[in-house]
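Here the structure is laid out as structure tokens; the discussion comes afterwards.
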Amino acid sequence: MQKIYRILPRYAFVPLICCILINAVTYFGTRIFTTGMYHYDFSIPLDDMIPFAPFMIIFYILAYVSWVVGFVIIGRESRQVCYEICTAEQLAKLMCLAAFLIIPSTIVRPEITGNGIFDWLTKFIYTIDSPDNLLPSIHCLENWICFRGAMRCKKVGTGFRIGMFISAMLVFASTLMVRQHVFLDVVSAVAVAEIGLFAVKKLNLERIYYNIEKRLDKKVR
């Protein structure tokens with residue numbers, strides 16, 4: 001365990017595990033209730049103007065790497081930053097959960113006729129990821145939260161913060177250009193992330209993890 005703690009401090013485990021659990025409930029659990037419901041297509045004329053580009057699937061897939069790196073950096077920064085960002089992420093994810101249940105969303109995907117590696121990867125993503133639970137985009141939400149968290153981190157240089165911003169922009173573009181999301185999915189993802197960050201800062205909601213830490217410490221003693 002000591003080797004793990006060198007990568008990620010002990011205090012970061014509970015909030016990060018909660019992020020994973022809430023994500024699973026939000027993305028997979030809601031389908032139990034929404035399967036069979038009418039799903040809305042929130043595409044607008046702007047979406048028709050965005051070119052379909054299978055090569056952008058690379059950035060869509062690399063988003064998973066940026067999430068791991070981003071949350072590890074956030075977790076290592078400090079208790080305060082870790083607790084605030086994770087709480088904001090979870091609050092934003094709960095807003096996604098509500099949206100998925102109230103206004104189930106879907107998208108019409110194009111037929112892929114090419115046989116290149118990017119076409120194959122896009123087909124693979126289409127196969128394992130059903131076209132629902134789209135608004136807000138969790139893919140975009142996570143990358144924006146990682147970028148906003150990076151802006152709070154003083155232990156990393158400006159290069160990392162710029163890199164996380166570029167990563168977020170590329171992921172935003174990829175979700176649209178491989179037809180995994182529409183424009184409103186991206187906008188709403190940034191909106192719920194910012195609402196989560198504002199609410200945590202305004203109401204000091206991160207204190208829940210300070211309280212959890214105190215209770216766990218008492219049990220250990």
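Ordering of the structure tokens sets the chain letters (A, B, ...), residue numbers begin anew at 1 in every chain, and ligands are numbered from 1 in the order given.
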Would you list the contacts of A:Val14 as a list of chain:residue names, taking every protein, DNA or RNA residue within 12 Å and counting only C-alpha atoms, but skipping same-chain residues closer than 2 positions in sequence?
A:Leu8, A:Pro9, A:Arg10, A:Tyr11, A:Ala12, A:Leu16, A:Ile17, A:Cys18, A:Cys19, A:Ile20, A:Leu21, A:Gly75, A:Arg79, A:Cys82, A:Tyr83, A:Cys86, A:Thr87, A:Ile208, A:Tyr209, A:Tyr210, A:Asn211, A:Ile212, A:Glu213, A:Leu216
With N, CA, C and O atoms retained, write the just-selected residues as a compact mmCIF listing (two decimals), in the first residue's frame.
```
# COMPACT_ATOMS: atom_id res chain seq x y z
N LEU A 8 -0.79 8.19 -5.04
CA LEU A 8 -2.02 8.87 -4.66
C LEU A 8 -2.15 8.89 -3.14
O LEU A 8 -2.12 7.83 -2.51
N PRO A 9 -2.28 10.06 -2.53
CA PRO A 9 -2.38 10.15 -1.07
C PRO A 9 -3.59 9.40 -0.53
O PRO A 9 -4.61 9.25 -1.22
N ARG A 10 -3.49 8.97 0.71
CA ARG A 10 -4.57 8.21 1.34
C ARG A 10 -5.91 8.96 1.31
O ARG A 10 -6.96 8.37 1.08
N TYR A 11 -5.87 10.28 1.55
CA TYR A 11 -7.11 11.06 1.63
C TYR A 11 -7.87 11.09 0.31
O TYR A 11 -9.07 11.38 0.28
N ALA A 12 -7.18 10.82 -0.81
CA ALA A 12 -7.82 10.94 -2.13
C ALA A 12 -8.64 9.71 -2.52
O ALA A 12 -9.47 9.78 -3.43
N LEU A 16 -12.30 9.76 -4.81
CA LEU A 16 -12.13 9.25 -6.17
C LEU A 16 -12.94 7.98 -6.41
O LEU A 16 -13.51 7.78 -7.49
N ILE A 17 -13.01 7.14 -5.40
CA ILE A 17 -13.85 5.94 -5.52
C ILE A 17 -15.32 6.34 -5.66
O ILE A 17 -16.08 5.75 -6.43
N CYS A 18 -15.72 7.37 -4.92
CA CYS A 18 -17.09 7.86 -5.02
C CYS A 18 -17.37 8.41 -6.42
O CYS A 18 -18.48 8.23 -6.95
N CYS A 19 -16.38 9.04 -7.03
CA CYS A 19 -16.53 9.53 -8.41
C CYS A 19 -16.83 8.37 -9.35
O CYS A 19 -17.72 8.46 -10.21
N ILE A 20 -16.10 7.28 -9.17
CA ILE A 20 -16.28 6.10 -10.03
C ILE A 20 -17.66 5.48 -9.81
O ILE A 20 -18.36 5.12 -10.77
N LEU A 21 -18.06 5.35 -8.56
CA LEU A 21 -19.34 4.73 -8.24
C LEU A 21 -20.52 5.55 -8.76
O LEU A 21 -21.47 5.01 -9.34
N GLY A 75 -5.71 14.75 -7.16
CA GLY A 75 -5.65 14.06 -5.87
C GLY A 75 -4.36 14.33 -5.13
O GLY A 75 -4.34 14.41 -3.90
N ARG A 79 -5.58 18.18 -0.02
CA ARG A 79 -6.92 17.75 0.42
C ARG A 79 -7.98 18.70 -0.11
O ARG A 79 -9.00 18.28 -0.64
N CYS A 82 -8.51 18.44 -3.89
CA CYS A 82 -9.08 17.12 -4.18
C CYS A 82 -10.54 17.04 -3.78
O CYS A 82 -11.40 16.62 -4.56
N TYR A 83 -10.83 17.46 -2.56
CA TYR A 83 -12.21 17.38 -2.05
C TYR A 83 -13.14 18.31 -2.82
O TYR A 83 -14.28 17.94 -3.14
N CYS A 86 -13.54 16.91 -6.60
CA CYS A 86 -14.30 15.65 -6.62
C CYS A 86 -15.76 15.87 -6.24
O CYS A 86 -16.67 15.28 -6.83
N THR A 87 -16.00 16.73 -5.27
CA THR A 87 -17.38 17.03 -4.88
C THR A 87 -18.12 17.72 -6.01
O THR A 87 -19.29 17.41 -6.29
N ILE A 208 -18.08 17.55 3.42
CA ILE A 208 -18.56 16.18 3.64
C ILE A 208 -17.40 15.20 3.67
O ILE A 208 -17.41 14.24 4.44
N TYR A 209 -16.37 15.44 2.87
CA TYR A 209 -15.23 14.53 2.85
C TYR A 209 -14.30 14.74 4.04
O TYR A 209 -13.64 13.81 4.49
N TYR A 210 -14.26 15.95 4.56
CA TYR A 210 -13.53 16.18 5.80
C TYR A 210 -14.20 15.41 6.93
O TYR A 210 -13.52 14.81 7.78
N ASN A 211 -15.53 15.43 6.94
CA ASN A 211 -16.26 14.70 7.98
C ASN A 211 -16.08 13.19 7.83
O ASN A 211 -15.93 12.48 8.83
N ILE A 212 -16.10 12.71 6.60
CA ILE A 212 -15.89 11.28 6.37
C ILE A 212 -14.49 10.87 6.82
O ILE A 212 -14.30 9.83 7.46
N GLU A 213 -13.52 11.72 6.52
CA GLU A 213 -12.13 11.42 6.92
C GLU A 213 -12.00 11.34 8.43
O GLU A 213 -11.33 10.45 8.97
N LEU A 216 -13.55 8.06 9.66
CA LEU A 216 -12.70 6.91 9.33
C LEU A 216 -11.49 6.85 10.24
O LEU A 216 -11.07 5.77 10.67
```
I need the residues of stretch 38-219 of chain A that end up classed as strand (DSSP E or B) by DSSP on the backbone, written out as a PyMOL selection string.
chain A and resi 40-41+105-106+132
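Using only C-alpha atoms, the shortest contact distance between A:Val108 and any of A:Tyr64, A:Tyr40, A:Phe71, A:Phe59 is found at A:Tyr40.
For the pair atom CA of A:Phe198 and atom CA of A:Val72, the separation is 22.0 Å.
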Taking only residues of stretch 15-77 of chain A that have an atom at most 9 Å from an atom of stretch 88-105 of chain A, what is each one's shortest atom pair and its distance in Å to one decimal, using only C-alpha atoms, in chain and number order, as JSON lines?
```
{"residue": "A:Cys18", "atom": "CA", "partner": "A:Gln90", "partner_atom": "CA", "distance": 7.8}
{"residue": "A:Cys19", "atom": "CA", "partner": "A:Gln90", "partner_atom": "CA", "distance": 5.9}
{"residue": "A:Ile22", "atom": "CA", "partner": "A:Gln90", "partner_atom": "CA", "distance": 6.8}
{"residue": "A:Asn23", "atom": "CA", "partner": "A:Lys93", "partner_atom": "CA", "distance": 6.8}
{"residue": "A:Val25", "atom": "CA", "partner": "A:Leu97", "partner_atom": "CA", "distance": 8.1}
{"residue": "A:Thr26", "atom": "CA", "partner": "A:Leu97", "partner_atom": "CA", "distance": 4.9}
{"residue": "A:Tyr27", "atom": "CA", "partner": "A:Leu97", "partner_atom": "CA", "distance": 7.4}
{"residue": "A:Thr30", "atom": "CA", "partner": "A:Leu101", "partner_atom": "CA", "distance": 6.5}
{"residue": "A:Arg31", "atom": "CA", "partner": "A:Leu101", "partner_atom": "CA", "distance": 8.4}
{"residue": "A:Phe33", "atom": "CA", "partner": "A:Leu101", "partner_atom": "CA", "distance": 7.3}
{"residue": "A:Thr34", "atom": "CA", "partner": "A:Leu101", "partner_atom": "CA", "distance": 6.4}
{"residue": "A:Met37", "atom": "CA", "partner": "A:Pro104", "partner_atom": "CA", "distance": 7.5}
{"residue": "A:Tyr38", "atom": "CA", "partner": "A:Pro104", "partner_atom": "CA", "distance": 7.0}
{"residue": "A:His39", "atom": "CA", "partner": "A:Ser105", "partner_atom": "CA", "distance": 4.7}
{"residue": "A:Tyr40", "atom": "CA", "partner": "A:Ser105", "partner_atom": "CA", "distance": 4.5}
{"residue": "A:Asp41", "atom": "CA", "partner": "A:Ser105", "partner_atom": "CA", "distance": 5.8}
{"residue": "A:Phe42", "atom": "CA", "partner": "A:Ser105", "partner_atom": "CA", "distance": 7.2}
```
To test your reading of the structure, identify every residue in stretch 4-213 of chain A that backbone DSSP assigns to helix (DSSP H, G or I), and report it as a ChimeraX atom specification.
/A:4-7,10-29,31-34,45-49,54-77,79-102,117-128,138-150,158-177,183-203,207-213
Within 9 Å of A:Val200, counting only C-alpha atoms, which residues qualify if same-chain residues fewer than 2 places away don't, as a ChimeraX atom specification?
/A:84-85,87-88,91,195-198,202-206
